[in-house]
$ cat my_file_23.txt   # compact mmCIF, C-alpha atoms
# COMPACT_ATOMS: atom_id res chain seq x y z
CA MET A 1 52.79 4.21 -145.55
CA THR A 2 49.22 2.96 -145.56
CA TRP A 3 50.11 -0.14 -143.53
CA MET A 4 52.09 1.95 -141.05
CA GLU A 5 49.10 4.22 -140.46
CA PHE A 6 46.82 1.20 -140.25
CA ILE A 7 48.96 -0.46 -137.57
CA GLY A 8 49.39 2.80 -135.67
CA CYS A 9 45.69 3.66 -135.58
CA ALA A 10 44.73 0.08 -134.72
CA GLY A 11 47.27 0.08 -131.89
CA VAL A 12 45.99 3.37 -130.51
CA ALA A 13 42.34 2.28 -130.60
CA TYR A 14 42.59 -1.39 -129.65
CA GLY A 15 45.84 -1.59 -127.69
CA PRO A 16 44.41 -0.71 -124.24
CA PRO A 17 41.31 -2.96 -124.51
CA LEU A 18 43.49 -5.82 -125.78
CA ALA A 19 45.77 -5.45 -122.76
CA MET A 20 42.77 -5.31 -120.44
CA PHE A 21 41.37 -8.46 -122.00
CA ILE A 22 44.66 -10.37 -121.76
CA PHE A 23 45.47 -9.44 -118.16
CA THR A 24 42.01 -9.40 -116.56
CA ILE A 25 39.62 -11.57 -118.59
CA MET A 26 41.36 -14.12 -120.79
CA SER A 27 42.26 -16.49 -117.95
CA ASP A 28 38.67 -16.77 -116.67
CA PRO A 29 36.07 -18.57 -118.83
CA ILE A 30 33.14 -17.01 -116.96
CA ARG A 31 34.40 -13.52 -117.68
CA ILE A 32 34.81 -14.39 -121.35
CA ILE A 33 31.19 -15.58 -121.50
CA ILE A 34 29.94 -12.39 -119.85
CA LEU A 35 32.10 -10.30 -122.19
CA ILE A 36 30.61 -11.99 -125.26
CA ALA A 37 27.08 -11.69 -123.87
CA SER A 38 27.46 -7.97 -123.21
CA ALA A 39 28.94 -7.46 -126.69
CA PHE A 40 25.90 -9.23 -128.12
CA PHE A 41 23.60 -6.93 -126.15
CA TRP A 42 25.37 -3.92 -127.67
CA LEU A 43 24.84 -5.38 -131.14
CA VAL A 44 21.12 -5.82 -130.46
CA SER A 45 20.90 -2.20 -129.30
CA LEU A 46 22.57 -1.09 -132.53
CA LEU A 47 20.14 -3.20 -134.55
CA LEU A 48 17.09 -1.69 -132.86
CA SER A 49 18.41 1.86 -133.15
CA SER A 50 19.02 1.30 -136.87
CA PHE A 51 15.42 0.09 -137.23
CA VAL A 52 14.13 3.26 -135.56
CA TRP A 53 16.39 5.42 -137.73
CA PHE A 54 15.15 3.62 -140.84
CA LEU A 55 11.45 3.89 -140.00
CA PHE A 56 11.33 7.54 -138.92
CA PRO A 57 11.74 10.29 -141.56
CA PHE A 58 14.80 11.86 -139.91
CA LYS A 59 17.56 10.10 -141.81
CA SER A 60 19.27 13.37 -142.76
CA LEU A 61 19.71 14.31 -139.09
CA LEU A 62 22.70 12.47 -137.67
CA ILE A 63 21.96 13.82 -134.22
CA PHE A 64 18.66 11.90 -134.22
CA GLY A 65 20.46 8.64 -134.94
CA ILE A 66 23.05 9.35 -132.23
CA VAL A 67 20.42 10.06 -129.59
CA CYS A 68 18.48 6.90 -130.47
CA SER A 69 21.65 4.82 -130.41
CA VAL A 70 22.72 6.15 -127.00
CA LEU A 71 19.28 5.58 -125.46
CA PHE A 72 19.11 2.03 -126.79
CA GLN A 73 22.63 1.31 -125.53
CA GLU A 74 21.76 2.49 -122.04
CA LEU A 75 18.54 0.50 -122.14
CA PHE A 76 20.46 -2.66 -122.97
CA ARG A 77 23.08 -1.80 -120.37
CA TYR A 78 20.26 -1.95 -117.86
CA SER A 79 19.09 -5.22 -119.43
CA ILE A 80 22.50 -6.85 -119.03
CA TYR A 81 22.54 -5.56 -115.44
CA VAL A 82 19.22 -7.28 -114.70
CA LEU A 83 20.39 -10.48 -116.39
CA LEU A 84 23.66 -10.62 -114.47
CA ARG A 85 22.00 -9.90 -111.14
CA LYS A 86 19.54 -12.75 -111.71
CA ALA A 87 22.41 -15.04 -112.76
CA GLU A 88 24.52 -14.37 -109.67
CA ALA A 89 23.23 -17.45 -107.85
CA GLY A 90 24.18 -19.64 -110.79
CA LEU A 91 27.57 -18.00 -111.09
CA LYS A 92 28.33 -18.73 -107.46
CA LYS A 93 27.56 -22.41 -108.04
CA VAL A 94 29.92 -22.75 -110.99
CA THR A 95 32.67 -20.68 -109.37
CA ILE A 96 35.51 -22.83 -108.20
CA PRO A 97 36.48 -22.00 -104.60
CA ASN A 98 40.01 -21.09 -103.56
CA THR A 99 40.92 -19.84 -107.02
CA ASN A 100 41.22 -16.48 -108.68
CA THR A 101 37.65 -16.80 -110.01
CA GLU A 102 35.90 -14.31 -107.73
CA ILE A 103 33.55 -12.81 -110.28
CA ALA A 104 30.42 -14.04 -108.55
CA ASN A 105 31.46 -12.47 -105.23
CA ASN A 106 32.45 -9.05 -106.55
CA LYS A 107 29.71 -7.09 -108.28
CA HIS A 108 32.18 -4.53 -109.60
CA ILE A 109 33.94 -7.22 -111.63
CA LEU A 110 30.64 -8.06 -113.30
CA ALA A 111 30.17 -4.39 -114.17
CA TYR A 112 33.74 -4.08 -115.44
CA VAL A 113 33.49 -7.09 -117.72
CA ALA A 114 30.07 -6.07 -119.06
CA GLY A 115 31.27 -2.53 -119.69
CA LEU A 116 34.38 -3.73 -121.48
CA GLY A 117 32.23 -5.95 -123.71
CA PHE A 118 30.13 -2.92 -124.64
CA GLY A 119 33.26 -0.89 -125.28
CA ILE A 120 35.06 -3.45 -127.43
CA MET A 121 32.08 -3.88 -129.73
CA SER A 122 31.50 -0.13 -129.90
CA GLY A 123 35.15 0.53 -130.74
CA ALA A 124 35.15 -2.17 -133.39
CA PHE A 125 32.17 -0.70 -135.21
CA SER A 126 33.33 2.90 -134.92
CA LEU A 127 36.73 2.39 -136.55
CA ILE A 128 36.61 -0.76 -138.67
CA ASN A 129 35.55 1.08 -141.86
CA ILE A 130 38.33 3.65 -141.51
CA LEU A 131 40.92 0.93 -140.93
CA ALA A 132 39.67 -0.91 -144.01
CA GLU A 133 40.27 2.21 -146.11
CA LEU A 134 43.73 2.70 -144.62
CA VAL A 135 44.97 -0.60 -145.97
CA GLY A 136 45.28 1.13 -149.31
CA PRO A 137 45.48 2.46 -151.84
CA ALA A 138 44.69 5.63 -149.90
CA THR A 139 45.93 9.16 -149.45
CA MET A 140 44.69 11.14 -146.47
CA GLY A 141 44.15 14.88 -146.49
CA LEU A 142 42.93 15.43 -150.06
CA LYS A 143 39.82 17.46 -150.99
CA GLY A 144 39.81 19.49 -147.81
CA GLY A 145 40.16 16.53 -145.45
CA ARG A 146 42.37 16.71 -142.39
CA ASN A 147 45.60 14.73 -142.27
CA TYR A 148 44.93 13.66 -138.68
CA PHE A 149 41.35 12.46 -139.19
CA CYS A 150 42.27 8.77 -138.83
CA LEU A 151 44.36 9.41 -135.74
CA THR A 152 41.63 11.45 -134.09
CA SER A 153 39.10 8.75 -134.95
CA ALA A 154 41.37 6.14 -133.35
CA ILE A 155 41.72 8.23 -130.19
CA MET A 156 37.95 8.72 -130.02
CA SER A 157 37.43 4.96 -130.42
CA MET A 158 39.85 4.27 -127.57
CA CYS A 159 38.04 6.82 -125.41
CA PHE A 160 34.71 5.14 -126.10
CA VAL A 161 36.07 1.71 -125.17
CA LEU A 162 37.39 2.98 -121.84
CA LEU A 163 34.32 5.13 -121.25
CA HIS A 164 31.97 2.18 -121.72
CA THR A 165 34.04 0.26 -119.17
CA PHE A 166 33.83 3.12 -116.66
CA TRP A 167 30.16 3.72 -117.41
CA GLY A 168 29.43 0.06 -116.73
CA VAL A 169 30.99 0.24 -113.26
CA ILE A 170 29.24 3.52 -112.41
CA PHE A 171 25.88 2.44 -113.84
CA PHE A 172 25.75 -0.92 -112.05
CA ALA A 173 26.75 0.56 -108.70
CA ALA A 174 24.30 3.44 -109.12
CA ILE A 175 21.40 1.05 -109.66
CA ASP A 176 22.43 -1.08 -106.68
CA LYS A 177 22.63 1.97 -104.41
CA LYS A 178 19.78 3.87 -106.15
CA LYS A 179 21.97 6.86 -106.95
CA TYR A 180 19.93 8.34 -109.75
CA LEU A 181 22.31 11.28 -110.14
CA HIS A 182 25.07 8.88 -111.25
CA ILE A 183 22.70 7.22 -113.71
CA SER A 184 21.86 10.64 -115.18
CA TRP A 185 25.57 11.41 -115.36
CA VAL A 186 26.26 8.23 -117.32
CA ILE A 187 23.49 8.91 -119.83
CA GLY A 188 24.31 12.61 -120.12
CA SER A 189 28.05 12.14 -120.58
CA HIS A 190 27.37 9.36 -123.10
CA LEU A 191 25.18 11.70 -125.13
CA PHE A 192 27.70 14.52 -124.90
CA VAL A 193 30.72 12.49 -125.99
CA SER A 194 28.72 10.86 -128.79
CA CYS A 195 27.70 14.26 -130.11
CA LEU A 196 31.35 15.36 -129.97
CA SER A 197 32.12 12.77 -132.62
CA LEU A 198 30.21 14.92 -135.11
CA LEU A 199 32.83 17.65 -134.70
CA THR A 200 35.90 15.60 -135.61
CA GLN A 201 35.76 16.72 -139.24
CA SER A 202 35.23 20.45 -138.59
CA THR A 203 37.44 20.92 -135.51
CA LEU A 204 40.43 18.90 -134.43
CA TYR A 205 41.37 19.49 -130.80
CA PHE A 206 38.13 20.35 -129.00
CA PRO A 207 36.41 16.92 -129.38
CA ILE A 208 39.57 14.99 -128.45
CA ILE A 209 40.44 17.11 -125.42
CA SER A 210 36.85 17.11 -124.18
CA ALA A 211 36.50 13.34 -124.63
CA VAL A 212 39.78 12.67 -122.81
CA ILE A 213 38.78 14.94 -119.91
CA ILE A 214 35.40 13.22 -119.56
CA MET A 215 37.12 9.83 -119.80
CA ILE A 216 39.50 10.72 -116.96
CA LEU A 217 36.64 12.05 -114.86
CA ASN A 218 34.57 8.91 -115.40
CA GLY A 219 37.62 6.78 -114.64
CA TYR A 220 38.03 8.55 -111.31
CA ILE A 221 34.34 8.15 -110.46
CA ALA A 222 34.49 4.45 -111.36
CA PHE A 223 37.66 4.05 -109.27
CA VAL A 224 36.04 5.60 -106.21
CA THR A 225 32.77 3.74 -106.79
CA SER A 226 34.52 0.37 -106.87
CA GLY A 227 36.21 1.09 -103.53
CA GLY A 228 39.49 2.56 -104.70
CA SER A 229 41.47 5.01 -102.61
CA CYS A 230 44.84 6.73 -102.52
CA LEU A 231 45.93 4.31 -99.80
CA ASN A 232 45.29 1.33 -102.09
CA CYS A 233 47.31 2.99 -104.85
CA LYS A 234 50.23 3.52 -102.47
CA ARG A 235 50.07 -0.13 -101.44
CA VAL A 236 50.11 -1.24 -105.06
CA CYS A 237 53.06 1.05 -105.86
CA ARG A 238 54.95 -0.24 -102.83
CA CYS A 239 53.91 -3.85 -103.61
CA SER A 240 52.59 -4.16 -100.09
CA ASP A 241 49.63 -6.50 -99.70
CA GLN A 242 48.06 -8.47 -96.92
CA ARG A 243 49.00 -11.66 -98.74
CA THR A 244 52.75 -11.07 -98.35
CA LEU A 245 54.98 -14.08 -98.19
CA HIS A 246 56.28 -15.08 -94.78
CA PHE A 247 59.56 -16.93 -94.99
CA GLU A 248 60.32 -19.27 -92.17
CA PRO A 249 63.92 -20.08 -91.30
CA SER A 250 64.94 -23.53 -92.39
CA THR A 251 66.09 -25.95 -89.70
CA SER A 252 68.95 -28.18 -90.73
CA SER A 253 70.25 -31.08 -88.70
CA THR A 254 73.92 -31.12 -88.00
$ encode --input "my_file_23.txt" --output "structure tokens"
Amino acid sequence: MTWMEFIGCAGVAYGPPLAMFIFTIMSDPIRIIILIASAFFWLVSLLLSSFVWFLFPFKSLLIFGIVCSVLFQELFRYSIYVLLRKAEAGLKKVTIPNTNTEIANNKHILAYVAGLGFGIMSGAFSLINILAELVGPATMGLKGGRNYFCLTSAIMSMCFVLLHTFWGVIFFAAIDKKKYLHISWVIGSHLFVSCLSLLTQSTLYFPIISAVIIMILNGYIAFVTSGGSCLNCKRVCRCSDQRTLHFEPSTSST
């Protein structure tokens, strides 16, 4: 039973980011490098936030650690933005023309890859300890604990992975276009969803439903920000694209 719950929770939390990595990043070495670099930036932000939490006498207040962690993450999100914008000229030089490697010509792809790197590392750290305990021997729900705590934690981890991806797209575009309201939305929603994680032990449905709603809303904002529209969705569903194949009739000699 422990291994079944382990596989189920791991699939819920890491299934979507694994699919996103396989279908959108794995085939491009430049995207893999940017993904690893952004994940490293998230690790540095966690290290600095832990230093601040250790030095200040507020260790008993989890909300203090959450606020520091969110602020450092957004600071390093801006740092990876600055780094990628300065590296665009170099990326264009190493990009092979006439291939699917268009990362240097599409700024939204840079934001997507950087955001996914943040999300993957965040999801790994938020759930890895729970998954380690699920391997066994373990029995969930004893001593007043909720039976669905591991499942809710897995859902919250998945939400954070997707949210970091959406936040990356919104944040990068907001800085490019100087839309400070979108930047405030990213930071504010990040703080709100992070604080919701404190309620997973006391309440069950409110944090999950709120996090999913905010995730959907951020996904829509990121979709519109990156140039998405209902017309594009209809074209994808109908498999209609400008690069359709044109078959020419074959001429055979008789």
$ atom_distance --input "my_file_23.txt" --atom1 "atom CA of A:Glu74" --atom2 "atom CA of A:Ser229"
27.8 Å
$ residues_around --input "my_file_23.txt" --residues "A:His108" --least-positions-apart "6" --cutoff "12 Å" --atoms "all atoms listed in the file" --output "PyMOL selection string"
chain A and resi 81+84-85+102+114-115+165-174+176+222-228
$ atom_distance --input "my_file_23.txt" --atom1 "atom CA of A:Glu88" --atom2 "atom CA of A:Ser69"
28.4 Å
$ residues_around --input "my_file_23.txt" --residues "A:Ala37" --least-positions-apart "5" --cutoff "9 Å" --atoms "all atoms listed in the file" --output "PDB file with C-alpha atoms, in the frame of the given file"
ATOM      1  CA  ILE A  32      34.810 -14.390-121.350  1.00  0.00           C
ATOM      2  CA  TRP A  42      25.370  -3.920-127.670  1.00  0.00           C
ATOM      3  CA  ILE A  80      22.500  -6.850-119.030  1.00  0.00           C
ATOM      4  CA  ALA A 114      30.070  -6.070-119.060  1.00  0.00           C
ATOM      5  CA  GLY A 117      32.230  -5.950-123.710  1.00  0.00           C
TER       6      GLY A 117
END
$ closest_residue --input "my_file_23.txt" --among "A:Ile208, A:Ile120, A:Met215, A:His190" --to "A:Leu71" --atoms "only C-alpha atoms"
A:His190
$ decode --input "my_file_23.txt" --residues "stretch 20-57 of chain A" --atoms "N, CA and C atoms" --output "compact mmCIF listing (two decimals), in the first residue's frame"
# COMPACT_ATOMS: atom_id res chain seq x y z
N MET A 20 5.85 17.90 -19.77
CA MET A 20 6.28 19.17 -20.36
C MET A 20 7.76 19.13 -20.72
N PHE A 21 8.56 18.52 -19.87
CA PHE A 21 9.99 18.42 -20.16
C PHE A 21 10.24 17.53 -21.38
N ILE A 22 9.56 16.41 -21.46
CA ILE A 22 9.80 15.47 -22.57
C ILE A 22 9.38 16.07 -23.90
N PHE A 23 8.22 16.72 -23.95
CA PHE A 23 7.67 17.17 -25.23
C PHE A 23 8.16 18.55 -25.65
N THR A 24 8.65 19.37 -24.73
CA THR A 24 8.99 20.74 -25.11
C THR A 24 10.44 21.12 -24.85
N ILE A 25 11.18 20.36 -24.06
CA ILE A 25 12.52 20.79 -23.67
C ILE A 25 13.58 19.74 -23.99
N MET A 26 13.28 18.48 -23.84
CA MET A 26 14.30 17.44 -23.90
C MET A 26 15.04 17.39 -25.23
N SER A 27 14.39 17.76 -26.32
CA SER A 27 15.03 17.66 -27.63
C SER A 27 15.93 18.84 -27.96
N ASP A 28 15.97 19.87 -27.10
CA ASP A 28 16.75 21.07 -27.37
C ASP A 28 17.80 21.25 -26.28
N PRO A 29 19.08 21.16 -26.60
CA PRO A 29 20.13 21.30 -25.57
C PRO A 29 20.18 22.67 -24.93
N ILE A 30 19.84 23.72 -25.69
CA ILE A 30 19.86 25.07 -25.12
C ILE A 30 18.78 25.22 -24.06
N ARG A 31 17.63 24.66 -24.31
CA ARG A 31 16.55 24.72 -23.32
C ARG A 31 16.92 23.94 -22.06
N ILE A 32 17.60 22.84 -22.23
CA ILE A 32 18.02 22.06 -21.06
C ILE A 32 19.00 22.87 -20.21
N ILE A 33 19.93 23.58 -20.86
CA ILE A 33 20.89 24.40 -20.13
C ILE A 33 20.17 25.51 -19.36
N ILE A 34 19.22 26.17 -20.02
CA ILE A 34 18.48 27.25 -19.35
C ILE A 34 17.64 26.69 -18.21
N LEU A 35 17.07 25.50 -18.39
CA LEU A 35 16.28 24.87 -17.34
C LEU A 35 17.15 24.60 -16.11
N ILE A 36 18.34 24.05 -16.33
CA ILE A 36 19.24 23.76 -15.20
C ILE A 36 19.71 25.05 -14.54
N ALA A 37 19.99 26.08 -15.34
CA ALA A 37 20.43 27.35 -14.77
C ALA A 37 19.34 27.98 -13.91
N SER A 38 18.12 27.96 -14.38
CA SER A 38 17.02 28.54 -13.59
C SER A 38 16.77 27.73 -12.33
N ALA A 39 16.90 26.40 -12.41
CA ALA A 39 16.77 25.58 -11.20
C ALA A 39 17.86 25.91 -10.20
N PHE A 40 19.06 26.17 -10.68
CA PHE A 40 20.15 26.57 -9.78
C PHE A 40 19.86 27.91 -9.12
N PHE A 41 19.29 28.84 -9.87
CA PHE A 41 18.93 30.14 -9.29
C PHE A 41 17.89 29.95 -8.18
N TRP A 42 16.94 29.04 -8.37
CA TRP A 42 15.96 28.80 -7.31
C TRP A 42 16.65 28.23 -6.08
N LEU A 43 17.61 27.36 -6.26
CA LEU A 43 18.34 26.80 -5.13
C LEU A 43 19.11 27.89 -4.37
N VAL A 44 19.71 28.82 -5.09
CA VAL A 44 20.42 29.91 -4.43
C VAL A 44 19.45 30.78 -3.63
N SER A 45 18.27 31.02 -4.20
CA SER A 45 17.27 31.81 -3.46
C SER A 45 16.84 31.09 -2.18
N LEU A 46 16.70 29.78 -2.25
CA LEU A 46 16.37 29.02 -1.05
C LEU A 46 17.48 29.08 -0.02
N LEU A 47 18.74 29.03 -0.48
CA LEU A 47 19.87 29.11 0.43
C LEU A 47 19.91 30.45 1.15
N LEU A 48 19.71 31.53 0.42
CA LEU A 48 19.75 32.86 1.04
C LEU A 48 18.58 33.07 1.99
N SER A 49 17.40 32.59 1.61
CA SER A 49 16.24 32.73 2.51
C SER A 49 16.44 31.92 3.78
N SER A 50 17.10 30.76 3.68
CA SER A 50 17.37 29.98 4.89
C SER A 50 18.39 30.68 5.78
N PHE A 51 19.36 31.39 5.18
CA PHE A 51 20.31 32.17 5.97
C PHE A 51 19.58 33.28 6.75
N VAL A 52 18.68 33.97 6.07
CA VAL A 52 17.93 35.05 6.73
C VAL A 52 17.07 34.48 7.85
N TRP A 53 16.41 33.35 7.58
CA TRP A 53 15.57 32.72 8.61
C TRP A 53 16.42 32.27 9.80
N PHE A 54 17.64 31.83 9.55
CA PHE A 54 18.50 31.37 10.63
C PHE A 54 19.05 32.52 11.46
N LEU A 55 19.34 33.65 10.83
CA LEU A 55 19.96 34.77 11.54
C LEU A 55 18.96 35.58 12.36
N PHE A 56 17.74 35.73 11.85
CA PHE A 56 16.75 36.55 12.55
C PHE A 56 16.02 35.71 13.59
N PRO A 57 15.64 36.31 14.71
CA PRO A 57 14.99 35.55 15.80
C PRO A 57 13.49 35.35 15.57
